[in-house]
Each structure stands twice: as structure tokens, then as C-alpha cells.
Amino acid sequence: METYKVYDSAIEKEHCNKIVKFIKDLDFNNSKINEGEGDVVDEEKRQSQTAFLNSKEFIDIFSLYAGFAKEECMWNYNLTSYDTPQVSIYSKNDKYTWHNDMLPDSDGLVRKLSVCITLNDNFKGGDFQIQKFVSPVEKKRFTTVKEMRNAGSIIVFPSFMWHQITPVKYGDRYSIVCWYKGPQFM
């Protein structure tokens with residue numbers, strides 16, 4: 001089973017630049033993580049700024065690539081809805097340590113497929129890393145997805161896959177993610 005599918009520079013850089021200009025006007029807050037009892041700020045695990053963007057244009061793009069990846073990777077997930085896309089800005093030293101995206105919601109659905117777009121490439125660090133399906137004794141159990149350093153690159157992966165964003169060394173890293181949900185896995 002493939003653990004992710006990447007579409008390198010799928011969105012033109014010029015379009016990404018326009019998106020970055022547009023999202024700068026959103027109402028950003030300190031990023032939060034879910035700690036079972038609710039969302040909390042924990043800068044040891046996640047340090048960045050986030051905002052939500054409910055835009056049909058983005059939903060169409062996310063849905064298109066989620067569909068491509070589902071077919072190409074034979075992920076036969078029953079997807080019935082999605083969460084509002086989340087925009088993240090990672091500045092110098094910002095990061096998001098190892099985590100997965102599989103959060104249940106109040107209507108009994110669970111995130112099954114994550115779709116993330118890198119919107120710029122004028123930063124260093126901030127690498128997207130994802131786990132591999134390997135033996136627990138394997139020394140290198142993750143891969144750095146170098147294509148995600150490129151503006152307009154899209155990655156699609158099962159939401160149960162552990163992944164992280166390494167600390168940004170300089171510049172600001174802009175990304176947007178959407179999660180597709182469905183009934184619990186059986």
C-alpha cells in the first residue's frame with residue numbers, strides 16, 4: 001500500500017503567490033492541538049499560526065486531487081464530507097511534531113484522507129516528513145517528501161499516517177490542508 005501520493009508543483013507558482021496575498025488578510029490565531037478534552041495551545045508540539053478558509057475554489061481543488069489519489073493508490077475509503085480547509089503559516093523555528101489527523105467528530109465520522117498544498121517555496125526547513133510502512137526495528141521509519149518544498153505541490157495521504165513539519169530555519173512556510181471524512185473504519 002502506498003502511504004502517500006504527491007503531485008509536484010501541480011498549482012502554478014503565480015497562482016500560489018496570489019493565494020498567499022489573499023490569505024494574509026485572514027484572522028490567524030496560535031495553532032492548537034486536540035488533547036482529548038478539547039483543543040489547546042502546546043508550543044512544544046505545534047507552533048504556527050492558523051486560520052480557516054471556507055472557499056468553493058479550494059474545496060474543488062482538494063476534491064479533485066483526493067479523487068485522483070484515491071483511484072491511483074486504490075484507497076477505497078468511503079468519504080462523505082470534509083472539514084473546512086485550514087491555512088497554516090510557519091515562521092522561523094515553527095513546527096508541528098509527529099502526529100496523525102484521525103480525529104473523530106461529534107457526528108461519528110472520522111478523518112480518512114488528508115490533502116495538503118504548499119503555497120510558497122521561499123523558506124528553508126519546514127520539511128514535510130511522513131512515516132513509512134516498515135518493520136519497527138527499521139532505523140529510518142520516515143521519509144522527507146522533498147517535493148513539498150515546492151510551491152503548488154500537493155500531497156494526499158491516509159489521515160492515520162504519522163507525519164510532521166520540521167522547524168522552519170528561515171522565511172515563512174504557507175500551506176493549506178483539508179481533511180475528508182467518512183464512517184469509522186471497520
# chains A, B, ... in the order shown; residues from 1 in each chain; ligands from 1

$ closest_atom_pairs --of "range 84-141 of chain A" --to "range 153-169 of chain A" --cutoff "7 Å" --atoms "only C-alpha atoms" --output "tab-separated table"
residue	atom	partner	partner_atom	distance
A:Tyr90	CA	A:Val168	CA	6.8
A:Ser91	CA	A:Val168	CA	6.3
A:Lys92	CA	A:Val168	CA	4.9
A:Asn93	CA	A:Pro167	CA	4.9
A:Asp94	CA	A:Pro167	CA	5.2
A:Lys95	CA	A:Pro167	CA	4.5
A:Tyr96	CA	A:Ile165	CA	5.0
A:Thr97	CA	A:Gln164	CA	5.0
A:Trp98	CA	A:Gln164	CA	4.7
A:His99	CA	A:Trp162	CA	5.1
A:Asn100	CA	A:Trp162	CA	4.6
A:Asp101	CA	A:Ser159	CA	4.9
A:Met102	CA	A:Ser159	CA	5.3
A:Arg111	CA	A:Ser159	CA	6.1
A:Lys112	CA	A:Ser159	CA	4.9
A:Leu113	CA	A:Pro158	CA	4.5
A:Ser114	CA	A:Ser159	CA	5.3
A:Val115	CA	A:Val156	CA	4.5
A:Cys116	CA	A:Ile155	CA	5.3
A:Ile117	CA	A:Ile154	CA	4.5
A:Thr118	CA	A:Ser153	CA	5.6
A:Lys124	CA	A:Lys169	CA	5.3
A:Gly125	CA	A:Val168	CA	4.3
A:Gly126	CA	A:Val168	CA	4.3
A:Asp127	CA	A:Thr166	CA	5.2
A:Phe128	CA	A:Ile165	CA	4.8
A:Gln129	CA	A:Gln164	CA	5.3
A:Ile130	CA	A:His163	CA	4.2
A:Gln131	CA	A:Trp162	CA	5.5

$ write_last_selection --atoms "N, CA and C atoms" --output "PDB file, in the first residue's frame"
ATOM      1  N   TYR A  90       3.973  28.903   9.040  1.00  0.00           N
ATOM      2  CA  TYR A  90       5.076  28.501   9.904  1.00  0.00           C
ATOM      3  C   TYR A  90       6.202  29.510   9.705  1.00  0.00           C
ATOM      4  N   SER A  91       6.537  30.252  10.758  1.00  0.00           N
ATOM      5  CA  SER A  91       7.636  31.213  10.713  1.00  0.00           C
ATOM      6  C   SER A  91       8.890  30.565  11.297  1.00  0.00           C
ATOM      7  N   LYS A  92       9.968  31.329  11.408  1.00  0.00           N
ATOM      8  CA  LYS A  92      11.243  30.789  11.899  1.00  0.00           C
ATOM      9  C   LYS A  92      11.037  30.043  13.222  1.00  0.00           C
ATOM     10  N   ASN A  93      11.557  28.824  13.268  1.00  0.00           N
ATOM     11  CA  ASN A  93      11.506  27.895  14.408  1.00  0.00           C
ATOM     12  C   ASN A  93      10.132  27.259  14.630  1.00  0.00           C
ATOM     13  N   ASP A  94       9.122  27.625  13.854  1.00  0.00           N
ATOM     14  CA  ASP A  94       7.815  26.984  13.988  1.00  0.00           C
ATOM     15  C   ASP A  94       7.871  25.558  13.456  1.00  0.00           C
ATOM     16  N   LYS A  95       6.987  24.706  13.992  1.00  0.00           N
ATOM     17  CA  LYS A  95       6.996  23.276  13.646  1.00  0.00           C
ATOM     18  C   LYS A  95       5.665  22.658  14.038  1.00  0.00           C
ATOM     19  N   TYR A  96       5.501  21.401  13.620  1.00  0.00           N
ATOM     20  CA  TYR A  96       4.393  20.574  14.105  1.00  0.00           C
ATOM     21  C   TYR A  96       4.964  19.175  14.222  1.00  0.00           C
ATOM     22  N   THR A  97       5.197  18.714  15.454  1.00  0.00           N
ATOM     23  CA  THR A  97       5.857  17.429  15.676  1.00  0.00           C
ATOM     24  C   THR A  97       4.951  16.273  15.232  1.00  0.00           C
ATOM     25  N   TRP A  98       5.470  15.061  15.340  1.00  0.00           N
ATOM     26  CA  TRP A  98       4.782  13.862  14.857  1.00  0.00           C
ATOM     27  C   TRP A  98       3.347  13.790  15.372  1.00  0.00           C
ATOM     28  N   HIS A  99       2.433  13.589  14.429  1.00  0.00           N
ATOM     29  CA  HIS A  99       1.009  13.498  14.745  1.00  0.00           C
ATOM     30  C   HIS A  99       0.292  12.811  13.597  1.00  0.00           C
ATOM     31  N   ASN A 100      -0.938  12.407  13.831  1.00  0.00           N
ATOM     32  CA  ASN A 100      -1.792  11.966  12.732  1.00  0.00           C
ATOM     33  C   ASN A 100      -3.046  12.829  12.761  1.00  0.00           C
ATOM     34  N   ASP A 101      -3.849  12.752  11.723  1.00  0.00           N
ATOM     35  CA  ASP A 101      -5.012  13.630  11.576  1.00  0.00           C
ATOM     36  C   ASP A 101      -6.334  12.941  11.876  1.00  0.00           C
ATOM     37  N   MET A 102      -6.305  11.714  12.384  1.00  0.00           N
ATOM     38  CA  MET A 102      -7.536  10.942  12.563  1.00  0.00           C
ATOM     39  C   MET A 102      -8.301  11.361  13.796  1.00  0.00           C
ATOM     40  N   ARG A 111     -11.759  11.447  10.233  1.00  0.00           N
ATOM     41  CA  ARG A 111     -10.930  11.873   9.096  1.00  0.00           C
ATOM     42  C   ARG A 111     -10.244  10.649   8.500  1.00  0.00           C
ATOM     43  N   LYS A 112     -10.318  10.534   7.180  1.00  0.00           N
ATOM     44  CA  LYS A 112      -9.742   9.386   6.500  1.00  0.00           C
ATOM     45  C   LYS A 112      -8.652   9.752   5.502  1.00  0.00           C
ATOM     46  N   LEU A 113      -8.774  10.914   4.876  1.00  0.00           N
ATOM     47  CA  LEU A 113      -7.813  11.315   3.844  1.00  0.00           C
ATOM     48  C   LEU A 113      -7.443  12.778   4.065  1.00  0.00           C
ATOM     49  N   SER A 114      -6.146  13.052   4.099  1.00  0.00           N
ATOM     50  CA  SER A 114      -5.631  14.410   4.281  1.00  0.00           C
ATOM     51  C   SER A 114      -5.031  14.886   2.967  1.00  0.00           C
ATOM     52  N   VAL A 115      -5.310  16.150   2.615  1.00  0.00           N
ATOM     53  CA  VAL A 115      -4.793  16.748   1.379  1.00  0.00           C
ATOM     54  C   VAL A 115      -4.145  18.075   1.766  1.00  0.00           C
ATOM     55  N   CYS A 116      -2.865  18.233   1.445  1.00  0.00           N
ATOM     56  CA  CYS A 116      -2.126  19.428   1.841  1.00  0.00           C
ATOM     57  C   CYS A 116      -1.436  20.045   0.622  1.00  0.00           C
ATOM     58  N   ILE A 117      -1.480  21.382   0.554  1.00  0.00           N
ATOM     59  CA  ILE A 117      -0.837  22.123  -0.532  1.00  0.00           C
ATOM     60  C   ILE A 117       0.195  23.073   0.068  1.00  0.00           C
ATOM     61  N   THR A 118       1.420  23.044  -0.441  1.00  0.00           N
ATOM     62  CA  THR A 118       2.433  24.039  -0.090  1.00  0.00           C
ATOM     63  C   THR A 118       2.235  25.222  -1.024  1.00  0.00           C
ATOM     64  N   LYS A 124      13.339  27.867   4.224  1.00  0.00           N
ATOM     65  CA  LYS A 124      14.231  26.709   4.419  1.00  0.00           C
ATOM     66  C   LYS A 124      13.781  25.992   5.677  1.00  0.00           C
ATOM     67  N   GLY A 125      14.031  24.678   5.704  1.00  0.00           N
ATOM     68  CA  GLY A 125      13.493  23.875   6.793  1.00  0.00           C
ATOM     69  C   GLY A 125      12.017  23.658   6.498  1.00  0.00           C
ATOM     70  N   GLY A 126      11.241  23.414   7.539  1.00  0.00           N
ATOM     71  CA  GLY A 126       9.811  23.213   7.333  1.00  0.00           C
ATOM     72  C   GLY A 126       9.502  22.036   6.431  1.00  0.00           C
ATOM     73  N   ASP A 127      10.325  20.987   6.500  1.00  0.00           N
ATOM     74  CA  ASP A 127      10.123  19.815   5.652  1.00  0.00           C
ATOM     75  C   ASP A 127       8.921  18.993   6.113  1.00  0.00           C
ATOM     76  N   PHE A 128       8.208  18.456   5.130  1.00  0.00           N
ATOM     77  CA  PHE A 128       7.108  17.530   5.393  1.00  0.00           C
ATOM     78  C   PHE A 128       7.713  16.131   5.445  1.00  0.00           C
ATOM     79  N   GLN A 129       7.557  15.458   6.578  1.00  0.00           N
ATOM     80  CA  GLN A 129       8.033  14.088   6.738  1.00  0.00           C
ATOM     81  C   GLN A 129       6.853  13.199   7.071  1.00  0.00           C
ATOM     82  N   ILE A 130       6.891  11.964   6.552  1.00  0.00           N
ATOM     83  CA  ILE A 130       5.789  11.024   6.768  1.00  0.00           C
ATOM     84  C   ILE A 130       6.353   9.638   7.052  1.00  0.00           C
ATOM     85  N   GLN A 131       5.635   8.897   7.881  1.00  0.00           N
ATOM     86  CA  GLN A 131       6.079   7.549   8.231  1.00  0.00           C
ATOM     87  C   GLN A 131       6.039   6.633   7.016  1.00  0.00           C
TER      88      GLN A 131
END

$ atom_distance --atom1 "CA of Arg46 in chain A" --atom2 "CA of Met148 in chain A"
18.8 Å

$ atom_distance --atom1 "CA of Tyr77 in chain A" --atom2 "CA of Ile176 in chain A"
21.9 Å

$ atom_distance --atom1 "CA of Tyr82 in chain A" --atom2 "CA of Lys181 in chain A"
5.4 Å

$ select_by_dssp --residues "chain A" --states "helix (DSSP H, G or I)" --output "PDB file with C-alpha atoms, in the first residue's frame"
ATOM      1  CA  LYS A  13       3.532  29.369  -8.707  1.00  0.00           C
ATOM      2  CA  GLU A  14       1.909  32.604  -9.924  1.00  0.00           C
ATOM      3  CA  HIS A  15      -1.470  31.348  -8.680  1.00  0.00           C
ATOM      4  CA  CYS A  16       0.088  30.319  -5.358  1.00  0.00           C
ATOM      5  CA  ASN A  17       1.513  33.842  -4.942  1.00  0.00           C
ATOM      6  CA  LYS A  18      -1.994  35.285  -5.394  1.00  0.00           C
ATOM      7  CA  ILE A  19      -3.362  32.844  -2.814  1.00  0.00           C
ATOM      8  CA  VAL A  20      -0.679  33.856  -0.287  1.00  0.00           C
ATOM      9  CA  LYS A  21      -1.558  37.537  -0.775  1.00  0.00           C
ATOM     10  CA  PHE A  22      -5.243  36.724  -0.273  1.00  0.00           C
ATOM     11  CA  ILE A  23      -4.840  34.592   2.871  1.00  0.00           C
ATOM     12  CA  LYS A  56     -15.502  26.536  -3.006  1.00  0.00           C
ATOM     13  CA  GLU A  57     -12.420  27.059  -5.224  1.00  0.00           C
ATOM     14  CA  PHE A  58     -10.179  25.326  -2.671  1.00  0.00           C
ATOM     15  CA  ILE A  59     -12.691  22.566  -1.951  1.00  0.00           C
ATOM     16  CA  ASP A  60     -12.827  21.844  -5.705  1.00  0.00           C
ATOM     17  CA  ILE A  61      -9.022  21.609  -5.900  1.00  0.00           C
ATOM     18  CA  PHE A  62      -8.773  19.406  -2.802  1.00  0.00           C
ATOM     19  CA  SER A  63     -11.602  17.166  -4.020  1.00  0.00           C
ATOM     20  CA  LEU A  64     -10.002  16.765  -7.439  1.00  0.00           C
ATOM     21  CA  TYR A  65      -6.654  15.602  -6.028  1.00  0.00           C
ATOM     22  CA  ALA A  66      -8.257  13.488  -3.285  1.00  0.00           C
ATOM     23  CA  GLY A  67     -10.155  11.686  -6.064  1.00  0.00           C
ATOM     24  CA  PHE A  68      -7.020  11.228  -8.203  1.00  0.00           C
ATOM     25  CA  ALA A  69      -5.051   9.799  -5.268  1.00  0.00           C
ATOM     26  CA  LYS A  70      -7.886   7.526  -4.115  1.00  0.00           C
ATOM     27  CA  GLU A  71      -8.016   5.987  -7.574  1.00  0.00           C
ATOM     28  CA  GLU A  72      -4.257   5.816  -8.230  1.00  0.00           C
ATOM     29  CA  CYS A  73      -3.447   4.379  -4.783  1.00  0.00           C
ATOM     30  CA  LYS A 146      11.217  16.881  -0.866  1.00  0.00           C
ATOM     31  CA  GLU A 147       8.579  17.796  -3.469  1.00  0.00           C
ATOM     32  CA  MET A 148       6.633  19.527  -0.681  1.00  0.00           C
ATOM     33  CA  ARG A 149       9.343  22.206  -0.629  1.00  0.00           C
TER      34      ARG A 149
END

$ closest_residue --among "A:Asn150, A:Asn76, A:Gln184, A:Asn29" --to "Ile89 in chain A" --atoms "only C-alpha atoms"
A:Asn29

$ decode --residues "range 136-150 of chain A" --atoms "all heavy atoms" --output "short mmCIF file (atom, residue, chain, number, x, y, z; two decimals), in the first residue's frame"
data_model
loop_
_atom_site.label_atom_id
_atom_site.label_comp_id
_atom_site.auth_asym_id
_atom_site.auth_seq_id
_atom_site.Cartn_x
_atom_site.Cartn_y
_atom_site.Cartn_z
N PRO A 136 9.25 -2.34 12.81
CA PRO A 136 9.60 -1.47 13.94
C PRO A 136 11.10 -1.41 14.22
O PRO A 136 11.57 -0.47 14.85
CB PRO A 136 8.86 -2.09 15.12
CG PRO A 136 7.80 -2.93 14.52
CD PRO A 136 8.29 -3.36 13.18
N VAL A 137 11.87 -2.40 13.77
CA VAL A 137 13.32 -2.38 14.01
C VAL A 137 14.08 -1.60 12.94
O VAL A 137 15.26 -1.36 13.08
CB VAL A 137 13.89 -3.82 14.13
CG1 VAL A 137 13.30 -4.53 15.33
CG2 VAL A 137 13.67 -4.61 12.86
N GLU A 138 13.37 -1.21 11.88
CA GLU A 138 13.99 -0.40 10.82
C GLU A 138 14.48 0.92 11.42
O GLU A 138 13.77 1.56 12.19
CB GLU A 138 12.96 -0.14 9.72
CG GLU A 138 13.47 0.64 8.54
CD GLU A 138 14.33 -0.18 7.61
OE1 GLU A 138 14.13 -1.40 7.54
OE2 GLU A 138 15.20 0.41 6.97
N LYS A 139 15.69 1.32 11.05
CA LYS A 139 16.25 2.56 11.61
C LYS A 139 15.57 3.81 11.06
O LYS A 139 15.27 4.73 11.79
CB LYS A 139 17.75 2.63 11.36
CG LYS A 139 18.50 1.61 12.18
CD LYS A 139 19.99 1.75 12.01
CE LYS A 139 20.62 0.53 12.61
NZ LYS A 139 21.64 0.63 13.48
N LYS A 140 15.33 3.85 9.76
CA LYS A 140 14.72 5.03 9.16
C LYS A 140 13.26 4.70 8.84
O LYS A 140 12.97 4.06 7.84
CB LYS A 140 15.47 5.48 7.91
CG LYS A 140 14.94 6.79 7.40
CD LYS A 140 15.87 7.49 6.47
CE LYS A 140 15.20 8.78 6.08
NZ LYS A 140 15.91 9.60 5.22
N ARG A 141 12.37 5.14 9.71
CA ARG A 141 10.96 4.80 9.59
C ARG A 141 10.12 5.91 8.98
O ARG A 141 8.91 5.88 9.06
CB ARG A 141 10.40 4.42 10.95
CG ARG A 141 10.93 3.07 11.40
CD ARG A 141 10.36 2.71 12.72
NE ARG A 141 11.33 3.14 13.71
CZ ARG A 141 11.25 2.88 14.99
NH1 ARG A 141 10.23 2.23 15.46
NH2 ARG A 141 12.17 3.28 15.82
N PHE A 142 10.77 6.90 8.39
CA PHE A 142 10.04 8.01 7.76
C PHE A 142 10.80 8.48 6.53
O PHE A 142 11.96 8.12 6.33
CB PHE A 142 9.85 9.17 8.74
CG PHE A 142 11.14 9.83 9.13
CD1 PHE A 142 11.66 10.89 8.40
CD2 PHE A 142 11.85 9.40 10.24
CE1 PHE A 142 12.85 11.49 8.75
CE2 PHE A 142 13.05 9.99 10.60
CZ PHE A 142 13.54 11.05 9.85
N THR A 143 10.12 9.26 5.73
CA THR A 143 10.75 9.85 4.55
C THR A 143 10.47 11.35 4.53
O THR A 143 9.40 11.78 4.98
CB THR A 143 10.26 9.18 3.25
OG1 THR A 143 11.02 9.66 2.16
CG2 THR A 143 8.79 9.45 2.99
N THR A 144 11.44 12.11 4.06
CA THR A 144 11.24 13.54 3.83
C THR A 144 10.72 13.70 2.42
O THR A 144 11.36 13.26 1.46
CB THR A 144 12.56 14.32 4.00
OG1 THR A 144 13.01 14.14 5.35
CG2 THR A 144 12.38 15.80 3.70
N VAL A 145 9.55 14.31 2.27
CA VAL A 145 8.92 14.46 0.96
C VAL A 145 9.43 15.78 0.37
O VAL A 145 8.86 16.85 0.60
CB VAL A 145 7.38 14.44 1.07
CG1 VAL A 145 6.75 14.50 -0.33
CG2 VAL A 145 6.92 13.18 1.80
N LYS A 146 10.53 15.69 -0.36
CA LYS A 146 11.22 16.88 -0.87
C LYS A 146 10.37 17.70 -1.83
O LYS A 146 10.51 18.91 -1.90
CB LYS A 146 12.55 16.49 -1.51
CG LYS A 146 13.52 15.93 -0.50
CD LYS A 146 14.83 15.51 -1.13
CE LYS A 146 15.74 14.93 -0.05
NZ LYS A 146 16.96 14.40 -0.60
N GLU A 147 9.46 17.06 -2.55
CA GLU A 147 8.58 17.80 -3.47
C GLU A 147 7.72 18.84 -2.73
O GLU A 147 7.33 19.84 -3.31
CB GLU A 147 7.64 16.84 -4.23
CG GLU A 147 8.34 15.86 -5.13
CD GLU A 147 8.69 14.55 -4.44
OE1 GLU A 147 8.69 14.49 -3.18
OE2 GLU A 147 8.97 13.56 -5.14
N MET A 148 7.47 18.60 -1.45
CA MET A 148 6.63 19.53 -0.68
C MET A 148 7.37 20.81 -0.31
O MET A 148 6.81 21.69 0.34
CB MET A 148 6.05 18.84 0.56
CG MET A 148 5.04 17.75 0.22
SD MET A 148 3.69 18.30 -0.87
CE MET A 148 2.80 19.39 0.23
N ARG A 149 8.61 20.94 -0.76
CA ARG A 149 9.34 22.21 -0.63
C ARG A 149 8.97 23.15 -1.77
O ARG A 149 9.32 24.32 -1.74
CB ARG A 149 10.84 21.95 -0.67
CG ARG A 149 11.38 21.12 0.47
CD ARG A 149 12.84 20.77 0.27
NE ARG A 149 13.33 19.92 1.35
CZ ARG A 149 14.44 19.21 1.28
NH1 ARG A 149 15.19 19.25 0.18
NH2 ARG A 149 14.82 18.47 2.29
N ASN A 150 8.28 22.64 -2.78
CA ASN A 150 7.96 23.41 -3.99
C ASN A 150 6.58 24.03 -3.89
O ASN A 150 5.61 23.36 -3.51
CB ASN A 150 8.03 22.51 -5.22
CG ASN A 150 9.39 21.87 -5.39
OD1 ASN A 150 10.41 22.45 -5.03
ND2 ASN A 150 9.41 20.67 -5.92
#
